[in-house]
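Visitor: Handing over upload35.txt, compact mmCIF, C-alpha atoms.
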```txt
# COMPACT_ATOMS: atom_id res chain seq x y z
CA MET A 20 -31.16 105.58 32.79
CA ASN A 21 -28.92 108.45 33.87
CA ASP A 22 -31.25 110.98 35.55
CA GLN A 23 -28.67 113.77 35.06
CA VAL A 24 -29.48 113.83 31.34
CA ARG A 25 -32.30 115.89 29.83
CA PHE A 26 -33.89 115.09 26.47
CA TYR A 27 -35.76 117.18 23.93
CA LYS A 28 -37.26 116.57 20.52
CA PRO A 29 -36.05 119.14 17.98
CA PHE A 30 -38.17 120.22 15.03
CA ILE A 31 -37.67 117.86 12.08
CA SER A 32 -38.28 119.31 8.62
CA PRO A 33 -39.48 117.07 5.78
CA LEU A 34 -36.80 118.81 3.70
CA ASP A 35 -33.80 117.96 5.95
CA PRO A 36 -30.84 116.71 3.88
CA CYS A 37 -29.59 114.16 6.44
CA PRO A 38 -31.39 111.41 8.38
CA PRO A 39 -32.75 113.27 11.43
CA ILE A 40 -31.74 112.70 15.05
CA LEU A 41 -35.17 112.51 16.67
CA VAL A 42 -34.14 113.02 20.29
CA LYS A 43 -31.30 115.22 21.52
CA SER A 44 -29.82 115.30 24.99
CA TYR A 45 -27.71 117.42 27.30
CA SER A 46 -26.10 117.06 30.70
CA THR A 47 -27.43 118.64 33.93
CA PRO A 48 -24.85 117.71 36.59
CA PRO A 49 -25.52 117.96 40.36
CA GLN A 50 -23.78 121.29 41.10
CA LEU A 51 -26.67 123.04 39.32
CA PHE A 52 -29.04 121.91 42.06
CA ILE A 53 -26.95 122.65 45.17
CA ALA A 54 -26.61 126.29 46.27
CA PHE A 55 -24.14 125.55 49.05
CA GLN A 56 -22.90 122.06 49.90
CA PRO A 57 -24.24 121.08 53.35
CA PRO A 58 -21.77 119.66 55.90
CA ASN A 59 -21.47 115.94 56.75
CA LEU A 60 -22.66 114.50 53.46
CA PRO A 61 -22.06 110.75 53.00
CA GLN A 62 -18.62 110.04 51.50
CA PHE A 63 -17.15 107.53 49.07
CA SER A 64 -14.37 105.21 50.26
CA PRO A 65 -10.91 106.64 49.46
CA PHE A 66 -10.49 104.30 46.48
CA GLU A 67 -13.92 105.14 45.05
CA ALA A 68 -13.26 108.85 45.63
CA LEU A 69 -10.07 108.64 43.54
CA LYS A 70 -11.84 106.65 40.86
CA TYR A 71 -14.80 109.02 40.57
CA GLY A 72 -12.92 112.30 41.09
CA THR A 73 -15.06 113.44 44.05
CA LEU A 74 -15.39 112.55 47.72
CA TRP A 75 -19.19 112.83 47.76
CA PRO A 76 -21.80 110.73 45.92
CA ALA A 77 -23.97 113.89 45.92
CA LEU A 78 -21.50 115.53 43.50
CA TYR A 79 -20.82 112.46 41.34
CA SER A 80 -21.87 112.77 37.72
CA PRO A 81 -21.63 109.72 35.43
CA TYR A 82 -21.18 110.42 31.71
CA ASP A 83 -22.09 108.06 28.91
CA PRO A 84 -20.76 108.84 25.43
CA LYS A 85 -23.39 110.48 23.30
CA ASN A 86 -23.77 107.66 20.76
CA ALA A 87 -24.94 105.29 23.48
CA ARG A 88 -27.14 107.90 25.14
CA GLN A 89 -29.12 109.20 22.17
CA GLU A 90 -30.89 105.83 21.83
CA GLU A 91 -32.31 105.93 25.35
CA GLY A 92 -34.43 108.95 24.72
CA ASN A 93 -36.30 107.28 21.89
CA MET B 13 5.57 129.02 46.03
CA TRP B 14 4.71 125.48 45.09
CA VAL B 15 5.74 122.01 46.17
CA TYR B 16 5.98 119.60 43.26
CA GLU B 17 4.98 115.96 43.49
CA LYS B 18 6.47 113.93 40.68
CA LYS B 19 3.31 112.00 39.84
CA LEU B 20 0.05 112.64 38.06
CA GLN B 21 -3.11 113.57 39.95
CA TYR B 22 -4.83 110.59 38.32
CA PRO B 23 -3.28 107.81 36.21
CA VAL B 24 -3.24 108.33 32.44
CA ARG B 25 -3.33 105.19 30.34
CA VAL B 26 -3.75 105.32 26.58
CA SER B 27 -4.43 101.95 24.91
CA LYS B 28 -5.19 102.90 21.32
CA CYS B 29 -2.70 104.30 18.80
CA ASP B 30 -4.71 107.31 17.63
CA PRO B 31 -2.67 110.48 16.80
CA LEU B 32 -5.89 112.16 15.61
CA MET B 33 -7.16 112.07 19.21
CA ALA B 34 -3.99 113.99 20.23
CA LYS B 35 -5.09 116.79 17.92
CA PHE B 36 -8.52 116.90 19.57
CA LEU B 37 -7.02 116.81 23.07
CA MET B 38 -5.02 119.96 22.28
CA GLU B 39 -8.26 121.90 22.76
CA GLN B 40 -7.91 121.22 26.50
CA TYR B 41 -4.16 121.96 26.40
CA GLY B 42 -3.97 125.35 24.70
CA GLY B 43 -7.61 126.16 23.96
CA ALA B 44 -9.78 129.02 25.25
CA ASP B 45 -11.35 126.84 27.96
CA GLY B 46 -8.34 124.57 28.40
CA GLU B 47 -6.38 123.83 31.53
CA LEU B 48 -3.65 126.42 30.83
CA ALA B 49 -6.25 129.18 30.48
CA ALA B 50 -7.99 127.99 33.66
CA ALA B 51 -4.81 127.87 35.76
CA LEU B 52 -3.56 131.28 34.63
CA ARG B 53 -7.02 132.85 35.00
CA TYR B 54 -7.54 131.77 38.61
CA LEU B 55 -3.98 132.30 39.81
CA ASN B 56 -4.08 135.86 38.45
CA GLN B 57 -7.59 136.82 39.61
CA ARG B 58 -6.83 135.76 43.18
CA TYR B 59 -4.85 138.92 43.99
CA THR B 60 -7.88 141.17 43.71
CA ILE B 61 -10.62 138.95 45.14
CA PRO B 62 -11.89 139.18 48.77
CA ASP B 63 -9.64 137.35 51.25
CA LYS B 64 -12.24 134.69 51.98
CA VAL B 65 -11.98 133.16 48.51
CA VAL B 66 -8.29 133.76 47.67
CA GLY B 67 -7.41 130.29 48.96
CA LEU B 68 -10.06 128.69 46.77
CA LEU B 69 -8.64 130.31 43.62
CA THR B 70 -5.11 129.28 44.64
CA ASP B 71 -6.16 125.66 45.22
CA ILE B 72 -8.20 125.30 42.05
CA GLY B 73 -5.62 127.16 39.91
CA THR B 74 -2.95 124.81 41.22
CA GLU B 75 -5.07 121.73 40.50
CA GLU B 76 -5.58 122.96 36.92
CA PHE B 77 -1.80 122.71 36.40
CA GLY B 78 -2.09 119.10 37.57
CA HIS B 79 -4.76 118.57 34.91
CA LEU B 80 -2.55 120.29 32.31
CA GLU B 81 0.12 117.64 33.04
CA MET B 82 -2.41 114.86 32.50
CA ILE B 83 -3.50 116.28 29.14
CA ALA B 84 0.17 116.75 28.17
CA THR B 85 0.83 113.10 29.03
CA MET B 86 -2.08 111.96 26.85
CA ILE B 87 -0.92 114.05 23.87
CA TYR B 88 2.70 112.98 24.33
CA LYS B 89 1.81 109.28 24.46
CA LEU B 90 -0.33 109.59 21.34
CA THR B 91 2.30 111.42 19.26
CA LYS B 92 5.76 110.38 20.48
CA ASP B 93 5.99 107.30 18.24
CA ALA B 94 4.11 108.69 15.24
CA THR B 95 6.00 109.10 11.95
CA PRO B 96 5.76 112.42 10.08
CA GLU B 97 3.51 110.59 7.62
CA GLN B 98 1.15 109.44 10.39
CA LEU B 99 1.05 112.96 11.87
CA LYS B 100 0.21 114.34 8.44
CA LYS B 101 -2.68 111.88 8.14
CA ALA B 102 -3.93 112.92 11.60
CA GLY B 103 -4.08 116.56 10.52
CA LEU B 104 -0.93 117.41 12.47
CA GLY B 105 1.31 118.10 9.44
CA ALA B 106 1.24 121.84 10.12
CA HIS B 107 2.06 121.15 13.77
CA TYR B 108 4.98 118.94 12.74
CA VAL B 109 6.53 121.53 10.45
CA ALA B 110 6.61 124.09 13.26
CA HIS B 111 7.22 121.90 16.31
CA ASP B 112 8.33 118.36 15.31
CA SER B 113 6.70 116.19 18.00
CA ALA B 114 7.03 118.86 20.69
CA LEU B 115 3.92 119.90 22.55
CA PHE B 116 2.78 123.48 22.11
CA TYR B 117 0.02 125.63 23.60
CA GLU B 118 -2.40 125.57 20.69
CA ASN B 119 -6.04 124.58 20.38
CA ALA B 120 -7.33 121.70 18.24
CA ASN B 121 -7.20 123.95 15.18
CA GLY B 122 -3.58 124.94 15.78
CA VAL B 123 -4.42 128.46 16.98
CA PRO B 124 -1.81 129.49 19.57
CA TRP B 125 -2.96 130.28 23.11
CA THR B 126 -3.59 133.94 23.84
CA ALA B 127 -4.20 135.91 27.04
CA SER B 128 -7.37 137.35 25.51
CA TYR B 129 -8.98 133.98 26.35
CA ILE B 130 -8.99 135.05 30.01
CA GLN B 131 -10.11 138.09 31.98
CA ALA B 132 -9.55 139.72 35.35
CA LYS B 133 -12.24 142.35 35.71
CA GLY B 134 -11.51 143.17 39.35
CA ASP B 135 -15.18 142.84 40.20
CA PRO B 136 -15.42 139.71 42.40
CA ILE B 137 -18.85 138.63 41.15
CA ALA B 138 -17.96 139.20 37.48
CA ASP B 139 -14.72 137.23 37.92
CA LEU B 140 -16.37 134.31 39.74
CA TYR B 141 -19.17 134.12 37.19
CA GLU B 142 -16.52 133.91 34.46
CA ASP B 143 -14.85 131.12 36.42
CA ILE B 144 -18.12 129.17 36.72
CA ALA B 145 -18.72 129.58 32.98
CA ALA B 146 -15.15 128.42 32.26
CA GLU B 147 -15.67 125.27 34.34
CA GLU B 148 -18.94 124.44 32.58
CA LYS B 149 -17.33 124.98 29.17
CA ALA B 150 -14.40 122.75 30.13
CA ARG B 151 -16.89 120.11 31.36
CA ALA B 152 -18.63 120.23 27.98
CA THR B 153 -15.28 119.95 26.16
CA TYR B 154 -14.48 116.80 28.15
CA GLN B 155 -17.90 115.39 27.23
CA TRP B 156 -17.27 115.87 23.52
CA LEU B 157 -13.74 114.43 23.87
CA ILE B 158 -15.20 111.33 25.56
CA ASP B 159 -17.68 111.06 22.66
CA LEU B 160 -14.81 111.20 20.14
CA THR B 161 -12.81 108.21 21.42
CA ASP B 162 -13.63 104.55 22.04
CA ASP B 163 -10.46 103.99 24.09
CA VAL B 164 -11.96 103.09 27.49
CA ASP B 165 -8.73 103.83 29.37
CA LEU B 166 -8.50 107.31 27.88
CA GLN B 167 -12.23 107.79 28.57
CA ASP B 168 -11.61 106.84 32.19
CA SER B 169 -9.05 109.66 32.72
CA LEU B 170 -11.26 112.12 30.82
CA LYS B 171 -14.26 111.21 32.99
CA PHE B 172 -12.17 111.94 36.09
CA LEU B 173 -11.24 115.35 34.69
CA ARG B 174 -14.88 116.07 33.79
CA GLU B 175 -15.93 115.31 37.38
CA ARG B 176 -13.27 117.70 38.71
CA GLU B 177 -14.78 120.50 36.58
CA ILE B 178 -18.12 119.79 38.28
CA VAL B 179 -16.58 119.99 41.76
CA HIS B 180 -14.78 123.24 40.84
CA SER B 181 -18.01 124.75 39.52
CA MET B 182 -19.70 123.82 42.82
CA ARG B 183 -16.94 125.56 44.80
CA PHE B 184 -17.07 128.74 42.68
CA ARG B 185 -20.85 128.84 43.13
CA GLU B 186 -20.31 128.54 46.89
CA ALA B 187 -17.75 131.37 46.72
CA VAL B 188 -20.43 133.60 45.18
CA GLU B 189 -22.78 132.66 48.05
CA ILE B 190 -20.06 133.53 50.58
CA LEU B 191 -19.54 136.97 48.99
CA LYS B 192 -23.30 137.61 48.92
CA GLU B 193 -23.59 137.00 52.69
CA LYS B 194 -23.51 139.94 55.11
CA ARG B 195 -22.13 137.83 57.97
CA ASP B 196 -19.09 140.01 58.71
CA GLU B 197 -20.86 143.34 58.81
CA LYS B 198 -21.71 144.99 62.10
CA ILE B 199 -25.38 144.74 62.87
CA PHE B 200 -26.91 147.86 64.39
CA PHE B 201 -30.11 147.70 66.38
```
Would you put the structure from the file into structure tokens?
Guide:
Amino acid sequence: MNDQVRFYKPFISPLDPCPPILVKSYSTPPQLFIAFQPPNLPQFSPFEALKYGTLWPALYSPYDPKNARQEEGN
Amino acid sequence: MWVYEKKLQYPVRVSKCDPLMAKFLMEQYGGADGELAAALRYLNQRYTIPDKVVGLLTDIGTEEFGHLEMIATMIYKLTKDATPEQLKKAGLGAHYVAHDSALFYENANGVPWTASYIQAKGDPIADLYEDIAAEEKARATYQWLIDLTDDVDLQDSLKFLREREIVHSMRFREAVEILKEKRDEKIFF
């Protein structure tokens, strides 16, 4: 499971018109937890860096489309 | 001045004929938190920001134009072969009547881009905080765009762009830390 995703359970009313989504999620990517990037962090290979969009694994944030993700929180 | 490289920052491949997705992508083309707004915001703010972070704004603002090209390529590929009838079905009938298949700086609802989307307050902290917020909003927009398509090739390019927003946010946060520091001031004992 992607540990950059946070889950919460919203209030569900018995009077809701639509089938409720029991668990909701949002993204908390790595830059929120780093005040200033320290020097000499491990690096991706050049090909991986291009593929992921960053040189450092510490800044890499995977994203799964919401439909797939919502299930995991259940 | 700029030096232009005639290639995209990251490859754009679109495998599914889906003109409706072009309409959604226009949010990142001419929307409030789109790449045009980002590029113009940073490249304008940089004149009145402390010297230490001017280069950062120049670099990121320039990269945003590279992203703008990628979004333009996606929209172009998704609309260039669409008939007027197909565009109408995709909700782009109003776009067609004003622009044919030309791209235009509008958001997903067809609202034209406006400079009131961006700000240059002249206060370095206020401006950098706006920039951080803009990056996080653009990251969220990319997330919802990824959610709206099942084209894995398009998702791949959008995931790259989302990651770049994260790196930019990191750098703007570091710029705030640099401006908070008292390193350059004379210390009296």
Visitor: Select residues of chain A: the criterion is any atom within 8 Å of an atom of chain B, counting all atoms listed in the file; output as a VMD selection string.
Guide: chain A and resid 48 to 51 53 to 56 69 to 73 78 to 82 84 to 86
Visitor: What's the 7 Å shell around Phe63 in chain A, counting all atoms listed in the file, without same-chain residues fewer than 6 positions away, as a list in words?
Guide: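 Contacts, with the query itself left out: Leu74, Trp75 and Pro76 of chain A.
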Visitor: Just give me the gap between CA of Lys43 in chain A and CA of Lys35 in chain B in Å, one decimal is fine.
Guide: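 Here the two named atoms are 26.5 Å from each other.
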Visitor: Residues within 12 Å of Trp14 in chain B, please, as a PyMOL selection string. Count all atoms listed in the file; anything in the same chain fewer than 3 positions from it doesn't count.
Guide: chain B and resi 17+70-71+73-75+77-78
Visitor: Between A:Ala77, A:Pro33, A:Asp83, A:Val24, which is the closest to Thr47 in chain A once you count only C-alpha atoms?
Guide: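 The closest residue to Thr47 in chain A is A:Val24.
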Visitor: Can you tell me which residues surround Ile72 in chain B at a distance of at most 8 Å, considering only C-alpha atoms, apart from same-chain residues fewer than 4 positions away, and format the answer as an MDAnalysis selection string?
Guide: chainID B and resid 51 54 68 76 180
Visitor: Mind writing the picked residues with C-alpha atoms as a PDB file, keeping the file's coordinate frame?
Guide:
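This went into selection04.pdb:
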```pdb
ATOM      1  CA  ALA B  51      -4.810 127.870  35.760  1.00  0.00           C
ATOM      2  CA  TYR B  54      -7.540 131.770  38.610  1.00  0.00           C
ATOM      3  CA  LEU B  68     -10.060 128.690  46.770  1.00  0.00           C
ATOM      4  CA  GLU B  76      -5.580 122.960  36.920  1.00  0.00           C
ATOM      5  CA  HIS B 180     -14.780 123.240  40.840  1.00  0.00           C
TER       6      HIS B 180
END
```
Visitor: What is the distance between CA of Arg25 in chain B and CA of Val109 in chain B, in Å to one decimal?
Guide: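 CA of Val109 in chain B lies 27.6 Å from CA of Arg25 in chain B.
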Visitor: In Å, how far is it from CA of Leu20 in chain B to CA of Lys92 in chain B?
Guide: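 Distance between the two atoms: 18.6 Å.
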Visitor: Considering only C-alpha atoms, return as a ChimeraX atom specification whatever protein or nucleic-acid residues lie within 6 Å of range 36-50 of chain B, sequence-local ones (same chain, fewer than 3 positions apart) excluded.
Guide: /B:33,53,76,80,117-120,125,129,146,150
Visitor: Taking into account only C-alpha atoms, which residue in the set B:Val65, B:Ala84, B:Cys29, B:Leu52 is nearest to Ile137 in chain B?
Guide: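 Among B:Val65, B:Ala84, B:Cys29, B:Leu52, it is B:Val65 that comes nearest to Ile137 in chain B.
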Visitor: Taking (-5.8, 105.8, 18.3) in the file's coordinates as the center, which residues reach within 12 Å of it, counting all atoms listed in the file, put as a list in words?
Guide: Val26, Ser27, Lys28, Cys29, Asp30, Pro31, Leu32, Met33, Ala34, Lys35, Phe36, Met86, Ile87, Lys89, Leu90, Thr91, Asp93, Ala94, Gln98, Leu99, Ala102, Leu160, Thr161, Asp162, Asp163, Val164, Asp165 and Leu166 of chain B
Visitor: Create the file for the chosen residues now, containing C-alpha atoms and written as a PDB file, in the frame of the given file.
Guide:
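Saved the output as result_17.pdb:
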```pdb
ATOM      1  CA  VAL B  26      -3.750 105.320  26.580  1.00  0.00           C
ATOM      2  CA  SER B  27      -4.430 101.950  24.910  1.00  0.00           C
ATOM      3  CA  LYS B  28      -5.190 102.900  21.320  1.00  0.00           C
ATOM      4  CA  CYS B  29      -2.700 104.300  18.800  1.00  0.00           C
ATOM      5  CA  ASP B  30      -4.710 107.310  17.630  1.00  0.00           C
ATOM      6  CA  PRO B  31      -2.670 110.480  16.800  1.00  0.00           C
ATOM      7  CA  LEU B  32      -5.890 112.160  15.610  1.00  0.00           C
ATOM      8  CA  MET B  33      -7.160 112.070  19.210  1.00  0.00           C
ATOM      9  CA  ALA B  34      -3.990 113.990  20.230  1.00  0.00           C
ATOM     10  CA  LYS B  35      -5.090 116.790  17.920  1.00  0.00           C
ATOM     11  CA  PHE B  36      -8.520 116.900  19.570  1.00  0.00           C
ATOM     12  CA  MET B  86      -2.080 111.960  26.850  1.00  0.00           C
ATOM     13  CA  ILE B  87      -0.920 114.050  23.870  1.00  0.00           C
ATOM     14  CA  LYS B  89       1.810 109.280  24.460  1.00  0.00           C
ATOM     15  CA  LEU B  90      -0.330 109.590  21.340  1.00  0.00           C
ATOM     16  CA  THR B  91       2.300 111.420  19.260  1.00  0.00           C
ATOM     17  CA  ASP B  93       5.990 107.300  18.240  1.00  0.00           C
ATOM     18  CA  ALA B  94       4.110 108.690  15.240  1.00  0.00           C
ATOM     19  CA  GLN B  98       1.150 109.440  10.390  1.00  0.00           C
ATOM     20  CA  LEU B  99       1.050 112.960  11.870  1.00  0.00           C
ATOM     21  CA  ALA B 102      -3.930 112.920  11.600  1.00  0.00           C
ATOM     22  CA  LEU B 160     -14.810 111.200  20.140  1.00  0.00           C
ATOM     23  CA  THR B 161     -12.810 108.210  21.420  1.00  0.00           C
ATOM     24  CA  ASP B 162     -13.630 104.550  22.040  1.00  0.00           C
ATOM     25  CA  ASP B 163     -10.460 103.990  24.090  1.00  0.00           C
ATOM     26  CA  VAL B 164     -11.960 103.090  27.490  1.00  0.00           C
ATOM     27  CA  ASP B 165      -8.730 103.830  29.370  1.00  0.00           C
ATOM     28  CA  LEU B 166      -8.500 107.310  27.880  1.00  0.00           C
TER      29      LEU B 166
END
```
Visitor: Output range 165-184 of chain B with N, CA and C atoms present, as a PDB file, in the frame of the given file.
Guide:
```pdb
ATOM      1  N   ASP B 165      -9.688 103.340  28.384  1.00  0.00           N
ATOM      2  CA  ASP B 165      -8.730 103.830  29.370  1.00  0.00           C
ATOM      3  C   ASP B 165      -8.592 105.347  29.288  1.00  0.00           C
ATOM      4  N   LEU B 166      -8.553 105.863  28.061  1.00  0.00           N
ATOM      5  CA  LEU B 166      -8.500 107.310  27.880  1.00  0.00           C
ATOM      6  C   LEU B 166      -9.806 107.938  28.389  1.00  0.00           C
ATOM      7  N   GLN B 167     -10.930 107.297  28.070  1.00  0.00           N
ATOM      8  CA  GLN B 167     -12.230 107.790  28.570  1.00  0.00           C
ATOM      9  C   GLN B 167     -12.239 107.872  30.089  1.00  0.00           C
ATOM     10  N   ASP B 168     -11.622 106.880  30.732  1.00  0.00           N
ATOM     11  CA  ASP B 168     -11.610 106.840  32.190  1.00  0.00           C
ATOM     12  C   ASP B 168     -10.933 108.087  32.772  1.00  0.00           C
ATOM     13  N   SER B 169      -9.750 108.451  32.237  1.00  0.00           N
ATOM     14  CA  SER B 169      -9.050 109.660  32.720  1.00  0.00           C
ATOM     15  C   SER B 169      -9.861 110.907  32.389  1.00  0.00           C
ATOM     16  N   LEU B 170     -10.486 110.936  31.217  1.00  0.00           N
ATOM     17  CA  LEU B 170     -11.260 112.120  30.820  1.00  0.00           C
ATOM     18  C   LEU B 170     -12.509 112.273  31.695  1.00  0.00           C
ATOM     19  N   LYS B 171     -13.092 111.143  32.108  1.00  0.00           N
ATOM     20  CA  LYS B 171     -14.260 111.210  32.990  1.00  0.00           C
ATOM     21  C   LYS B 171     -13.868 111.757  34.363  1.00  0.00           C
ATOM     22  N   PHE B 172     -12.667 111.379  34.835  1.00  0.00           N
ATOM     23  CA  PHE B 172     -12.170 111.940  36.090  1.00  0.00           C
ATOM     24  C   PHE B 172     -12.038 113.456  35.969  1.00  0.00           C
ATOM     25  N   LEU B 173     -11.431 113.904  34.871  1.00  0.00           N
ATOM     26  CA  LEU B 173     -11.240 115.350  34.690  1.00  0.00           C
ATOM     27  C   LEU B 173     -12.575 116.077  34.575  1.00  0.00           C
ATOM     28  N   ARG B 174     -13.546 115.458  33.896  1.00  0.00           N
ATOM     29  CA  ARG B 174     -14.880 116.070  33.790  1.00  0.00           C
ATOM     30  C   ARG B 174     -15.503 116.238  35.182  1.00  0.00           C
ATOM     31  N   GLU B 175     -15.359 115.215  36.021  1.00  0.00           N
ATOM     32  CA  GLU B 175     -15.930 115.310  37.380  1.00  0.00           C
ATOM     33  C   GLU B 175     -15.266 116.433  38.178  1.00  0.00           C
ATOM     34  N   ARG B 176     -13.953 116.622  37.982  1.00  0.00           N
ATOM     35  CA  ARG B 176     -13.270 117.700  38.710  1.00  0.00           C
ATOM     36  C   ARG B 176     -13.827 119.075  38.304  1.00  0.00           C
ATOM     37  N   GLU B 177     -14.185 119.234  37.020  1.00  0.00           N
ATOM     38  CA  GLU B 177     -14.780 120.500  36.580  1.00  0.00           C
ATOM     39  C   GLU B 177     -16.087 120.746  37.344  1.00  0.00           C
ATOM     40  N   ILE B 178     -16.849 119.681  37.563  1.00  0.00           N
ATOM     41  CA  ILE B 178     -18.120 119.790  38.280  1.00  0.00           C
ATOM     42  C   ILE B 178     -17.885 120.240  39.717  1.00  0.00           C
ATOM     43  N   VAL B 179     -16.879 119.623  40.369  1.00  0.00           N
ATOM     44  CA  VAL B 179     -16.580 119.990  41.760  1.00  0.00           C
ATOM     45  C   VAL B 179     -16.103 121.450  41.815  1.00  0.00           C
ATOM     46  N   HIS B 180     -15.259 121.850  40.849  1.00  0.00           N
ATOM     47  CA  HIS B 180     -14.780 123.240  40.840  1.00  0.00           C
ATOM     48  C   HIS B 180     -15.939 124.225  40.645  1.00  0.00           C
ATOM     49  N   SER B 181     -16.846 123.880  39.740  1.00  0.00           N
ATOM     50  CA  SER B 181     -18.010 124.750  39.520  1.00  0.00           C
ATOM     51  C   SER B 181     -18.800 124.911  40.809  1.00  0.00           C
ATOM     52  N   MET B 182     -18.994 123.788  41.519  1.00  0.00           N
ATOM     53  CA  MET B 182     -19.700 123.820  42.820  1.00  0.00           C
ATOM     54  C   MET B 182     -19.015 124.793  43.771  1.00  0.00           C
ATOM     55  N   ARG B 183     -17.685 124.706  43.857  1.00  0.00           N
ATOM     56  CA  ARG B 183     -16.940 125.560  44.800  1.00  0.00           C
ATOM     57  C   ARG B 183     -17.024 127.038  44.407  1.00  0.00           C
ATOM     58  N   PHE B 184     -16.955 127.340  43.112  1.00  0.00           N
ATOM     59  CA  PHE B 184     -17.070 128.740  42.680  1.00  0.00           C
ATOM     60  C   PHE B 184     -18.457 129.280  42.982  1.00  0.00           C
TER      61      PHE B 184
END
```
